[in-house]
>>> print(open('model_27.cif').read())   # mmCIF, C-alpha atoms
data_run
#
loop_
_atom_site.label_atom_id
_atom_site.label_comp_id
_atom_site.auth_asym_id
_atom_site.auth_seq_id
_atom_site.Cartn_x
_atom_site.Cartn_y
_atom_site.Cartn_z
CA MET A 1 -24.72 -74.48 24.33
CA THR A 2 -21.03 -73.59 24.33
CA GLU A 3 -19.80 -70.98 26.77
CA GLU A 4 -19.38 -68.25 24.16
CA ARG A 5 -23.02 -68.65 23.09
CA VAL A 6 -24.45 -67.99 26.55
CA GLU A 7 -27.24 -65.44 26.49
CA ARG A 8 -26.95 -62.60 29.00
CA LEU A 9 -29.79 -60.26 29.93
CA LEU A 10 -28.35 -56.72 30.07
CA ALA A 11 -31.53 -54.73 30.58
CA GLU A 12 -35.28 -55.23 30.88
CA VAL A 13 -37.92 -52.51 31.17
CA GLN A 14 -41.70 -52.49 31.12
CA ASP A 15 -43.66 -49.67 29.53
CA GLU A 16 -47.29 -49.18 28.50
CA PHE A 17 -46.70 -51.25 25.35
CA GLY A 18 -45.01 -54.23 27.02
CA VAL A 19 -41.52 -55.50 27.76
CA ILE A 20 -38.27 -54.33 26.16
CA ARG A 21 -35.10 -56.37 26.64
CA VAL A 22 -31.46 -56.04 25.66
CA LEU A 23 -29.62 -59.37 25.40
CA GLU A 24 -26.01 -60.20 24.66
CA VAL A 25 -24.81 -63.33 22.89
CA ALA A 26 -21.08 -63.50 22.15
CA ASP A 27 -20.21 -60.48 19.95
CA TYR A 28 -23.81 -59.40 19.37
CA ARG A 29 -26.47 -57.54 21.30
CA PHE A 30 -30.17 -57.81 20.56
CA LEU A 31 -33.12 -55.53 21.20
CA GLU A 32 -36.28 -57.55 21.84
CA PHE A 33 -39.92 -56.57 22.30
CA GLY A 34 -42.48 -58.70 24.08
CA ASP A 35 -42.16 -62.48 24.01
CA ALA A 36 -38.62 -62.77 22.58
CA ILE A 37 -39.46 -60.93 19.34
CA GLU A 38 -36.13 -59.69 18.00
CA GLN A 39 -36.22 -56.12 16.72
CA SER A 40 -32.56 -55.33 16.12
CA CYS A 41 -29.15 -56.97 16.10
CA VAL A 42 -25.95 -55.03 16.84
CA PHE A 43 -22.37 -56.19 16.28
CA THR A 44 -20.81 -54.66 19.36
CA ALA A 45 -17.40 -54.04 17.74
CA ASP A 46 -19.05 -51.91 15.01
CA PRO A 47 -22.63 -50.66 15.68
CA SER A 48 -22.91 -49.39 12.09
CA TRP A 49 -22.44 -52.94 10.73
CA LEU A 50 -25.69 -54.12 9.11
CA GLU A 51 -26.07 -57.78 10.02
CA TYR A 52 -29.37 -58.49 8.30
CA ASP A 53 -30.32 -58.33 4.65
CA TYR A 54 -33.38 -56.19 5.30
CA THR A 55 -31.25 -53.42 6.80
CA ARG A 56 -28.76 -53.69 3.93
CA ALA A 57 -31.70 -53.49 1.51
CA MET A 58 -32.90 -50.31 3.24
CA LEU A 59 -29.41 -48.85 2.83
CA ILE A 60 -29.68 -49.65 -0.88
CA GLY A 61 -32.86 -47.56 -0.90
CA ALA A 62 -30.83 -44.70 0.57
CA LEU A 63 -28.19 -45.09 -2.14
CA CYS A 64 -30.83 -44.39 -4.78
CA HIS A 65 -30.27 -40.74 -3.88
CA GLU A 66 -27.11 -39.29 -5.36
CA GLN A 67 -26.33 -36.82 -2.55
CA PRO A 68 -28.76 -36.99 0.39
CA GLU A 69 -28.35 -34.25 2.99
CA SER A 70 -31.34 -34.99 5.24
CA ALA A 71 -33.06 -38.13 6.50
CA LEU A 72 -36.08 -39.00 8.65
CA PHE A 73 -36.31 -42.35 10.42
CA LEU A 74 -39.78 -43.41 11.55
CA GLY A 75 -38.90 -46.10 14.08
CA LEU A 76 -35.42 -46.13 15.59
CA GLY A 77 -34.89 -49.56 17.15
CA ALA A 78 -31.25 -50.10 18.05
CA GLY A 79 -30.27 -47.44 15.52
CA THR A 80 -27.99 -49.60 13.37
CA LEU A 81 -29.42 -48.33 10.06
CA THR A 82 -29.35 -44.77 11.39
CA GLN A 83 -25.70 -45.19 12.38
CA ALA A 84 -24.80 -46.69 9.01
CA CYS A 85 -26.46 -43.81 7.15
CA LEU A 86 -24.75 -41.22 9.35
CA ARG A 87 -21.41 -42.90 8.78
CA PHE A 88 -21.56 -43.68 5.07
CA LEU A 89 -23.81 -41.00 3.56
CA PRO A 90 -23.20 -37.22 3.31
CA LEU A 91 -26.04 -36.45 5.73
CA GLU A 92 -26.13 -33.15 7.59
CA ASP A 93 -29.51 -33.35 9.34
CA VAL A 94 -31.14 -36.55 10.63
CA GLU A 95 -34.36 -36.87 12.62
CA ALA A 96 -35.68 -40.06 14.23
CA ILE A 97 -39.15 -40.55 15.69
CA GLU A 98 -39.52 -43.43 18.15
CA LEU A 99 -42.73 -44.38 19.95
CA ARG A 100 -41.21 -45.85 23.11
CA PRO A 101 -39.08 -43.53 25.28
CA ASP A 102 -36.89 -46.32 26.65
CA VAL A 103 -35.75 -47.42 23.18
CA PRO A 104 -33.42 -44.46 22.46
CA ARG A 105 -32.07 -44.63 26.01
CA LEU A 106 -31.29 -48.34 25.73
CA ALA A 107 -29.82 -47.86 22.25
CA ILE A 108 -27.39 -45.27 23.58
CA GLU A 109 -26.60 -47.10 26.82
CA TYR A 110 -26.23 -50.66 25.52
CA LEU A 111 -26.38 -50.76 21.72
CA GLY A 112 -23.70 -48.30 20.65
CA LEU A 113 -25.89 -45.52 19.30
CA ASP A 114 -23.65 -42.46 19.08
CA ASP A 115 -24.64 -39.07 20.40
CA ASP A 116 -24.11 -37.58 16.94
CA PRO A 117 -24.77 -33.80 16.73
CA ARG A 118 -26.51 -34.37 13.38
CA LEU A 119 -29.10 -36.68 14.99
CA TYR A 120 -32.28 -35.38 16.67
CA ILE A 121 -34.54 -37.97 18.33
CA ARG A 122 -38.18 -37.27 19.17
CA VAL A 123 -40.37 -39.60 21.20
CA GLY A 124 -43.96 -40.11 20.10
CA ASP A 125 -46.31 -41.65 17.56
CA ALA A 126 -44.95 -41.31 14.02
CA ILE A 127 -48.45 -40.80 12.61
CA GLU A 128 -49.01 -37.84 14.94
CA LEU A 129 -45.52 -36.33 14.63
CA LEU A 130 -44.96 -36.71 10.88
CA PRO A 131 -46.69 -33.38 10.04
CA THR A 132 -44.17 -31.54 12.23
CA ALA A 133 -41.11 -33.30 10.83
CA GLU A 134 -38.81 -31.44 8.47
CA PRO A 135 -39.02 -32.50 4.80
CA ALA A 136 -36.18 -34.89 3.98
CA ASP A 137 -34.25 -36.38 1.08
CA LEU A 138 -34.69 -39.86 2.59
CA ILE A 139 -37.54 -41.20 4.74
CA PHE A 140 -37.40 -44.66 6.32
CA VAL A 141 -40.50 -46.41 7.68
CA ASP A 142 -39.75 -49.31 10.04
CA LEU A 143 -42.56 -49.32 12.60
CA TYR A 144 -42.78 -52.80 14.07
CA THR A 145 -44.25 -54.01 17.36
CA ASP A 146 -43.94 -57.40 19.06
CA VAL A 147 -46.88 -58.65 16.98
CA GLY A 148 -45.78 -57.41 13.56
CA PRO A 149 -46.05 -54.26 11.45
CA GLY A 150 -47.60 -51.23 13.10
CA ALA A 151 -50.89 -49.89 11.77
CA ALA A 152 -49.00 -47.17 9.91
CA HIS A 153 -47.66 -49.75 7.43
CA LEU A 154 -51.16 -50.06 5.96
CA ALA A 155 -52.50 -46.56 6.63
CA TRP A 156 -53.24 -44.94 3.26
CA ASN A 157 -53.09 -41.35 4.47
CA PHE A 158 -49.92 -41.86 6.49
CA LEU A 159 -48.03 -43.62 3.69
CA GLY A 160 -49.16 -40.95 1.27
CA ASP A 161 -48.07 -38.21 3.66
CA CYS A 162 -44.63 -39.86 3.98
CA GLN A 163 -44.14 -39.52 0.23
CA LYS A 164 -45.36 -35.91 0.32
CA ARG A 165 -42.81 -35.16 3.07
CA LEU A 166 -39.95 -35.96 0.68
CA ASN A 167 -37.87 -33.25 -0.88
CA PRO A 168 -37.83 -33.20 -4.70
CA GLY A 169 -35.75 -36.14 -5.88
CA GLY A 170 -36.15 -37.87 -2.53
CA TRP A 171 -36.81 -41.52 -1.72
CA LEU A 172 -39.15 -43.26 0.71
CA VAL A 173 -37.88 -46.64 1.98
CA ILE A 174 -40.42 -48.91 3.69
CA ASN A 175 -39.67 -52.18 5.49
CA GLN A 176 -42.83 -54.17 4.74
CA TRP A 177 -43.78 -57.73 5.62
CA ALA A 178 -44.09 -60.20 2.75
CA THR A 179 -47.17 -62.36 2.32
CA ASP A 180 -47.00 -66.06 1.42
CA ASP A 181 -46.89 -65.26 -2.30
CA GLY A 182 -43.84 -63.02 -1.82
CA LYS A 183 -45.71 -59.75 -2.37
CA PRO A 184 -45.59 -56.95 0.18
CA LEU A 185 -48.34 -56.77 2.78
CA GLY A 186 -51.05 -54.48 1.44
CA ALA A 187 -49.86 -54.79 -2.16
CA ALA A 188 -53.19 -53.64 -3.64
CA LEU A 189 -53.23 -50.54 -1.42
CA LEU A 190 -49.61 -49.74 -2.28
CA ARG A 191 -50.19 -50.13 -6.02
CA GLY A 192 -53.11 -47.72 -5.86
CA LEU A 193 -51.43 -45.21 -3.57
CA TYR A 194 -48.15 -45.00 -5.48
CA HIS A 195 -49.61 -45.65 -8.97
CA ARG A 196 -47.39 -48.75 -9.33
CA HIS A 197 -44.42 -46.40 -9.54
CA TYR A 198 -42.05 -47.94 -7.00
CA TRP A 199 -39.62 -50.82 -6.72
CA GLU A 200 -39.50 -53.87 -4.45
CA LEU A 201 -36.55 -55.67 -2.92
CA PRO A 202 -37.46 -59.00 -1.28
CA VAL A 203 -35.07 -60.33 1.38
CA LYS A 204 -34.60 -63.68 3.07
CA GLU A 205 -35.93 -62.55 6.46
CA GLY A 206 -39.42 -62.55 4.94
CA ASN A 207 -39.67 -58.82 4.28
CA VAL A 208 -40.01 -56.75 1.13
CA ILE A 209 -38.30 -53.37 1.09
CA LEU A 210 -40.25 -50.80 -0.90
CA ILE A 211 -38.31 -48.04 -2.67
CA VAL A 212 -40.68 -45.20 -3.53
CA PRO A 213 -39.67 -42.01 -5.41
CA ALA A 214 -40.98 -38.59 -4.54
CA ASP A 215 -42.97 -38.29 -7.78
CA LEU A 216 -43.94 -40.09 -10.97
CA GLU A 217 -41.29 -38.33 -13.06
CA GLN A 218 -38.50 -39.83 -10.97
CA SER A 219 -36.97 -43.17 -11.92
CA LEU A 220 -34.53 -45.61 -10.38
CA ASP A 221 -31.15 -45.55 -12.12
CA LEU A 222 -29.84 -49.07 -11.49
CA GLN A 223 -26.47 -48.37 -13.05
CA ALA A 224 -25.84 -45.32 -10.89
CA LEU A 225 -27.05 -47.25 -7.83
CA THR A 226 -24.65 -50.09 -8.61
CA THR A 227 -21.76 -47.67 -9.05
CA ARG A 228 -22.44 -46.00 -5.69
CA ALA A 229 -22.78 -49.39 -3.97
CA GLU A 230 -19.51 -50.65 -5.47
CA ALA A 231 -17.68 -47.54 -4.31
CA LEU A 232 -19.04 -47.98 -0.79
CA ALA A 233 -18.36 -51.73 -0.50
CA PRO A 234 -14.77 -51.44 0.84
CA LYS A 235 -15.97 -49.16 3.64
CA LEU A 236 -18.99 -51.33 4.43
CA GLY A 237 -17.00 -54.56 4.47
CA TYR A 238 -19.55 -56.35 2.28
CA SER A 239 -21.07 -56.12 -1.19
CA LEU A 240 -24.66 -55.07 -1.84
CA GLN A 241 -24.70 -56.37 -5.42
CA SER A 242 -26.56 -59.63 -4.78
CA LEU A 243 -29.38 -57.65 -3.21
CA ILE A 244 -29.39 -55.02 -5.96
CA ASN A 245 -29.83 -57.88 -8.43
CA CYS A 246 -33.14 -58.73 -6.71
CA ILE A 247 -34.76 -55.31 -7.23
CA ARG A 248 -37.96 -55.60 -9.24
CA PRO A 249 -40.69 -53.22 -10.38
CA ALA A 250 -43.85 -53.10 -8.27
CA THR A 251 -45.76 -56.37 -8.50
#
>>> encode(input="model_27.cif", output="structure tokens")
Amino acid sequence: MTEERVERLLAEVQDEFGVIRVLEVADYRFLEFGDAIEQSCVFTADPSWLEYDYTRAMLIGALCHEQPESALFLGLGAGTLTQACLRFLPLEDVEAIELRPDVPRLAIEYLGLDDDPRLYIRVGDAIELLPTAEPADLIFVDLYTDVGPGAAHLAWNFLGDCQKRLNPGGWLVINQWATDDGKPLGAALLRGLYHRHYWELPVKEGNVILIVPADLEQSLDLQALTTRAEALAPKLGYSLQSLINCIRPAT
């Protein structure tokens, strides 16, 4: 390993759920849970840079809304997607719910999460706290542990309640695991719950991002989405078009 690729342990804490680590490798810092299970990657020079396709795909879900003012993040991690949305979207009110109290602290201390006055972080179980969250234009579900998706990713009532928590015209964006056939985990449940009225965006990390509208009358305008993504590309520093091309109706 060359000198610039040396891995440095910056922080390690133990809580009731296991070990949390922050590691640094060259220009990147990583949040890990458990036995070296990477949760988030941060480019230290720009914490709003989205390194992975699944986070870029979740940003695409956000861009389905023409003018979002509020967002709810269920699962914070290092906060890179939260930072990107705060920076590039016209958000005025953002809430994040994170299960593990050390995660927000480590994100602020080591991973570049800004103390933005628009951001309110609550610690607790997303399933328990969702009923007390403010309705939002955008809701993101990214609840992963060191062994995979949290139970909420396949909880019918919880996923239904997430959609009900959307404002009219809002969008629910779920980071779901893909099964071996490329479909999202729990595809049959999702089809029944959302009446097949959602869109999927598979990404190379082995995830499928689900883009779910607030109601059955609402549709995804691909042309408007493309226009918004093209306008944002110079600020982002990358194009989202190749991912937008992969959006498909529910399978």
>>> resolve_selection(input="model_27.cif", expression="the PyMOL selection byres ((chain A and resi 221) around 12)", output="MDAnalysis selection string")
chainID A and resid 61 63:66 199 213 218:220 222:228 244 247
>>> closest_residue(input="model_27.cif", among="A:Gly169, A:Gly77, A:Pro149, A:Pro47", to="Pro135 of chain A", atoms="all atoms listed in the file")
A:Gly169
>>> atom_distance(input="model_27.cif", atom1="atom CA of Asp93 of chain A", atom2="atom CA of Asp137 of chain A")
10.0 Å
>>> closest_residue(input="model_27.cif", among="A:Leu10, A:Ala84, A:Ala188, A:Val123", to="Leu59 of chain A", atoms="only C-alpha atoms")
A:Ala84
>>> residues_around(input="model_27.cif", residues="Lys204 of chain A", least_positions_apart="3", cutoff="8 Å", atoms="all atoms listed in the file", output="ChimeraX atom specification")
/A:53-54,207
>>> write_last_selection(input="model_27.cif", atoms="C-alpha atoms", output="mmCIF file, keeping the file's coordinate frame")
data_model
loop_
_atom_site.group_PDB
_atom_site.id
_atom_site.type_symbol
_atom_site.label_atom_id
_atom_site.label_comp_id
_atom_site.auth_asym_id
_atom_site.auth_seq_id
_atom_site.Cartn_x
_atom_site.Cartn_y
_atom_site.Cartn_z
ATOM 1 C CA ASP A 53 -30.320 -58.330 4.650
ATOM 2 C CA TYR A 54 -33.380 -56.190 5.300
ATOM 3 C CA ASN A 207 -39.670 -58.820 4.280
#
>>> axis_aligned_box(input="model_27.cif", around="segment 219-237 of chain A", padding_each_side="6 Å", output="AutoDock Vina command-line options")
--center_x -25.9 --center_y -48.9 --center_z -4.3 --size_x 34.2 --size_y 23.4 --size_z 29.5
>>> atom_distance(input="model_27.cif", atom1="atom CA of Ser242 of chain A", atom2="atom CA of Val203 of chain A")
10.5 Å
>>> atom_distance(input="model_27.cif", atom1="atom CA of Arg87 of chain A", atom2="atom CA of Trp49 of chain A")
10.3 Å
>>> closest_residue(input="model_27.cif", among="A:Leu111, A:Ile60, A:Leu74, A:Leu130", to="Asp27 of chain A", atoms="all atoms listed in the file")
A:Leu111
>>> residues_around(input="model_27.cif", residues="Arg8 of chain A", least_positions_apart="2", cutoff="7 Å", atoms="all atoms listed in the file", output="number ranges by chain")
A: 6, 10, 23-25
>>> write_last_selection(input="model_27.cif", atoms="C-alpha atoms", output="PDB file, in the coordinates of the input")
ATOM      1  CA  VAL A   6     -24.450 -67.990  26.550  1.00  0.00           C
ATOM      2  CA  LEU A  10     -28.350 -56.720  30.070  1.00  0.00           C
ATOM      3  CA  LEU A  23     -29.620 -59.370  25.400  1.00  0.00           C
ATOM      4  CA  GLU A  24     -26.010 -60.200  24.660  1.00  0.00           C
ATOM      5  CA  VAL A  25     -24.810 -63.330  22.890  1.00  0.00           C
TER       6      VAL A  25
END
>>> residues_around(input="model_27.cif", residues="Leu72 of chain A", least_positions_apart="4", cutoff="8 Å", atoms="all atoms listed in the file", output="ChimeraX atom specification")
/A:94-97,133,136,138-140
>>> resolve_selection(input="model_27.cif", expression="the PyMOL selection byres ((chain A and resi 177) around 12)", output="ChimeraX atom specification")
/A:54,141-144,147-150,153-154,174-176,178-187,200-210
>>> residues_around(input="model_27.cif", residues="Glu51 of chain A", least_positions_apart="5", cutoff="9 Å", atoms="only C-alpha atoms", output="list in words")
Cys41, Val42, Phe43 and Arg56 of chain A
>>> residues_around(input="model_27.cif", residues="Ala214 of chain A", least_positions_apart="3", cutoff="6 Å", atoms="only C-alpha atoms", output="number ranges by chain")
A: 163, 166, 169-171
>>> closest_atom_pairs(input="model_27.cif", of="segment 68-96 of chain A", to="segment 28-36 of chain A", cutoff="12 Å", atoms="all atoms listed in the file", output="CSV")
residue,atom,partner,partner_atom,distance
A:Leu76,CA,A:Leu31,CA,11.2
A:Gly77,CA,A:Leu31,CA,7.4
A:Ala78,CA,A:Leu31,CA,6.6
A:Gly79,CA,A:Leu31,CA,10.3
A:Thr80,CA,A:Leu31,CA,11.1
>>> write_last_selection(input="model_27.cif", atoms="C-alpha atoms", output="PDB file, in the frame of the given file")
ATOM      1  CA  LEU A  76     -35.420 -46.130  15.590  1.00  0.00           C
ATOM      2  CA  GLY A  77     -34.890 -49.560  17.150  1.00  0.00           C
ATOM      3  CA  ALA A  78     -31.250 -50.100  18.050  1.00  0.00           C
ATOM      4  CA  GLY A  79     -30.270 -47.440  15.520  1.00  0.00           C
ATOM      5  CA  THR A  80     -27.990 -49.600  13.370  1.00  0.00           C
TER       6      THR A  80
END
>>> closest_residue(input="model_27.cif", among="A:Gly112, A:Val173, A:Leu86, A:Ala151", to="Glu69 of chain A", atoms="only C-alpha atoms")
A:Leu86
>>> residues_near_point(input="model_27.cif", point="(-48.2, -44.2, 14.5)", cutoff="7 Å", atoms="only C-alpha atoms", output="CSV table (one decimal) with C-alpha atoms, in the coordinates of the input")
chain,number,residue,atom,x,y,z
A,125,ASP,CA,-46.3,-41.6,17.6
A,126,ALA,CA,-45.0,-41.3,14.0
A,127,ILE,CA,-48.4,-40.8,12.6
A,128,GLU,CA,-49.0,-37.8,14.9
A,151,ALA,CA,-50.9,-49.9,11.8
A,152,ALA,CA,-49.0,-47.2,9.9
>>> closest_residue(input="model_27.cif", among="A:Ala229, A:Ala250, A:Leu243, A:Val19", to="His195 of chain A", atoms="all atoms listed in the file")
A:Ala250
>>> resolve_selection(input="model_27.cif", expression="the PyMOL selection byres ((chain A and resi 193) around 12)", output="VMD selection string")
chain A and resid 154 to 164 186 to 192 194 to 198 212 215 to 216 250
>>> closest_residue(input="model_27.cif", among="A:Ala45, A:Leu129, A:Ala107, A:Ala231", to="Ala26 of chain A", atoms="all atoms listed in the file")
A:Ala45
>>> build_atoms(input="model_27.cif", residues="segment 4-36 of chain A", atoms="N, CA and C atoms", output="PDB file, in the coordinates of the input")
ATOM      1  N   GLU A   4     -19.343 -69.531  24.845  1.00  0.00           N
ATOM      2  CA  GLU A   4     -19.380 -68.250  24.160  1.00  0.00           C
ATOM      3  C   GLU A   4     -20.765 -67.926  23.598  1.00  0.00           C
ATOM      4  N   ARG A   5     -21.681 -68.897  23.601  1.00  0.00           N
ATOM      5  CA  ARG A   5     -23.020 -68.650  23.090  1.00  0.00           C
ATOM      6  C   ARG A   5     -24.028 -68.391  24.214  1.00  0.00           C
ATOM      7  N   VAL A   6     -23.553 -68.251  25.430  1.00  0.00           N
ATOM      8  CA  VAL A   6     -24.450 -67.990  26.550  1.00  0.00           C
ATOM      9  C   VAL A   6     -25.149 -66.642  26.362  1.00  0.00           C
ATOM     10  N   GLU A   7     -26.444 -66.645  26.612  1.00  0.00           N
ATOM     11  CA  GLU A   7     -27.240 -65.440  26.490  1.00  0.00           C
ATOM     12  C   GLU A   7     -27.284 -64.704  27.824  1.00  0.00           C
ATOM     13  N   ARG A   8     -26.940 -63.412  27.783  1.00  0.00           N
ATOM     14  CA  ARG A   8     -26.950 -62.600  29.000  1.00  0.00           C
ATOM     15  C   ARG A   8     -27.991 -61.495  28.874  1.00  0.00           C
ATOM     16  N   LEU A   9     -28.817 -61.339  29.893  1.00  0.00           N
ATOM     17  CA  LEU A   9     -29.790 -60.260  29.930  1.00  0.00           C
ATOM     18  C   LEU A   9     -29.108 -59.013  30.472  1.00  0.00           C
ATOM     19  N   LEU A  10     -29.015 -57.963  29.658  1.00  0.00           N
ATOM     20  CA  LEU A  10     -28.350 -56.720  30.070  1.00  0.00           C
ATOM     21  C   LEU A  10     -29.329 -55.700  30.634  1.00  0.00           C
ATOM     22  N   ALA A  11     -30.543 -55.702  30.121  1.00  0.00           N
ATOM     23  CA  ALA A  11     -31.530 -54.730  30.580  1.00  0.00           C
ATOM     24  C   ALA A  11     -32.930 -55.237  30.263  1.00  0.00           C
ATOM     25  N   GLU A  12     -33.869 -54.889  31.124  1.00  0.00           N
ATOM     26  CA  GLU A  12     -35.280 -55.230  30.880  1.00  0.00           C
ATOM     27  C   GLU A  12     -36.135 -54.124  31.486  1.00  0.00           C
ATOM     28  N   VAL A  13     -37.014 -53.555  30.687  1.00  0.00           N
ATOM     29  CA  VAL A  13     -37.920 -52.510  31.170  1.00  0.00           C
ATOM     30  C   VAL A  13     -39.333 -52.835  30.710  1.00  0.00           C
ATOM     31  N   GLN A  14     -40.284 -52.333  31.454  1.00  0.00           N
ATOM     32  CA  GLN A  14     -41.700 -52.490  31.120  1.00  0.00           C
ATOM     33  C   GLN A  14     -42.278 -51.108  30.889  1.00  0.00           C
ATOM     34  N   ASP A  15     -42.956 -50.921  29.756  1.00  0.00           N
ATOM     35  CA  ASP A  15     -43.660 -49.670  29.530  1.00  0.00           C
ATOM     36  C   ASP A  15     -45.113 -49.978  29.182  1.00  0.00           C
ATOM     37  N   GLU A  16     -45.857 -48.975  28.760  1.00  0.00           N
ATOM     38  CA  GLU A  16     -47.290 -49.180  28.500  1.00  0.00           C
ATOM     39  C   GLU A  16     -47.552 -50.126  27.330  1.00  0.00           C
ATOM     40  N   PHE A  17     -46.523 -50.383  26.516  1.00  0.00           N
ATOM     41  CA  PHE A  17     -46.700 -51.250  25.350  1.00  0.00           C
ATOM     42  C   PHE A  17     -46.205 -52.676  25.607  1.00  0.00           C
ATOM     43  N   GLY A  18     -45.514 -52.895  26.720  1.00  0.00           N
ATOM     44  CA  GLY A  18     -45.010 -54.230  27.020  1.00  0.00           C
ATOM     45  C   GLY A  18     -43.574 -54.211  27.503  1.00  0.00           C
ATOM     46  N   VAL A  19     -42.885 -55.321  27.269  1.00  0.00           N
ATOM     47  CA  VAL A  19     -41.520 -55.500  27.760  1.00  0.00           C
ATOM     48  C   VAL A  19     -40.509 -55.187  26.668  1.00  0.00           C
ATOM     49  N   ILE A  20     -39.413 -54.544  27.054  1.00  0.00           N
ATOM     50  CA  ILE A  20     -38.270 -54.330  26.160  1.00  0.00           C
ATOM     51  C   ILE A  20     -37.058 -54.952  26.841  1.00  0.00           C
ATOM     52  N   ARG A  21     -36.297 -55.743  26.081  1.00  0.00           N
ATOM     53  CA  ARG A  21     -35.100 -56.370  26.640  1.00  0.00           C
ATOM     54  C   ARG A  21     -33.900 -56.106  25.747  1.00  0.00           C
ATOM     55  N   VAL A  22     -32.729 -56.048  26.384  1.00  0.00           N
ATOM     56  CA  VAL A  22     -31.460 -56.040  25.660  1.00  0.00           C
ATOM     57  C   VAL A  22     -30.697 -57.290  26.106  1.00  0.00           C
ATOM     58  N   LEU A  23     -30.332 -58.116  25.136  1.00  0.00           N
ATOM     59  CA  LEU A  23     -29.620 -59.370  25.400  1.00  0.00           C
ATOM     60  C   LEU A  23     -28.263 -59.345  24.713  1.00  0.00           C
ATOM     61  N   GLU A  24     -27.326 -60.065  25.263  1.00  0.00           N
ATOM     62  CA  GLU A  24     -26.010 -60.200  24.660  1.00  0.00           C
ATOM     63  C   GLU A  24     -25.695 -61.665  24.436  1.00  0.00           C
ATOM     64  N   VAL A  25     -25.265 -61.986  23.232  1.00  0.00           N
ATOM     65  CA  VAL A  25     -24.810 -63.330  22.890  1.00  0.00           C
ATOM     66  C   VAL A  25     -23.497 -63.191  22.127  1.00  0.00           C
ATOM     67  N   ALA A  26     -22.409 -63.617  22.763  1.00  0.00           N
ATOM     68  CA  ALA A  26     -21.080 -63.500  22.150  1.00  0.00           C
ATOM     69  C   ALA A  26     -20.829 -62.048  21.724  1.00  0.00           C
ATOM     70  N   ASP A  27     -20.577 -61.818  20.441  1.00  0.00           N
ATOM     71  CA  ASP A  27     -20.210 -60.480  19.950  1.00  0.00           C
ATOM     72  C   ASP A  27     -21.403 -59.639  19.537  1.00  0.00           C
ATOM     73  N   TYR A  28     -22.609 -60.097  19.839  1.00  0.00           N
ATOM     74  CA  TYR A  28     -23.810 -59.400  19.370  1.00  0.00           C
ATOM     75  C   TYR A  28     -24.719 -59.038  20.546  1.00  0.00           C
ATOM     76  N   ARG A  29     -25.426 -57.933  20.368  1.00  0.00           N
ATOM     77  CA  ARG A  29     -26.470 -57.540  21.300  1.00  0.00           C
ATOM     78  C   ARG A  29     -27.782 -57.395  20.543  1.00  0.00           C
ATOM     79  N   PHE A  30     -28.860 -57.769  21.210  1.00  0.00           N
ATOM     80  CA  PHE A  30     -30.170 -57.810  20.560  1.00  0.00           C
ATOM     81  C   PHE A  30     -31.179 -56.984  21.347  1.00  0.00           C
ATOM     82  N   LEU A  31     -31.995 -56.236  20.620  1.00  0.00           N
ATOM     83  CA  LEU A  31     -33.120 -55.530  21.200  1.00  0.00           C
ATOM     84  C   LEU A  31     -34.368 -56.363  20.925  1.00  0.00           C
ATOM     85  N   GLU A  32     -35.093 -56.712  21.984  1.00  0.00           N
ATOM     86  CA  GLU A  32     -36.280 -57.550  21.840  1.00  0.00           C
ATOM     87  C   GLU A  32     -37.492 -56.857  22.441  1.00  0.00           C
ATOM     88  N   PHE A  33     -38.638 -57.052  21.784  1.00  0.00           N
ATOM     89  CA  PHE A  33     -39.920 -56.570  22.300  1.00  0.00           C
ATOM     90  C   PHE A  33     -40.765 -57.782  22.661  1.00  0.00           C
ATOM     91  N   GLY A  34     -41.496 -57.679  23.753  1.00  0.00           N
ATOM     92  CA  GLY A  34     -42.480 -58.700  24.080  1.00  0.00           C
ATOM     93  C   GLY A  34     -41.881 -60.065  24.322  1.00  0.00           C
ATOM     94  N   ASP A  35     -42.517 -61.083  23.759  1.00  0.00           N
ATOM     95  CA  ASP A  35     -42.160 -62.480  24.010  1.00  0.00           C
ATOM     96  C   ASP A  35     -41.032 -62.903  23.066  1.00  0.00           C
ATOM     97  N   ALA A  36     -39.821 -62.393  23.327  1.00  0.00           N
ATOM     98  CA  ALA A  36     -38.620 -62.770  22.580  1.00  0.00           C
ATOM     99  C   ALA A  36     -38.734 -62.474  21.088  1.00  0.00           C
TER     100      ALA A  36
END
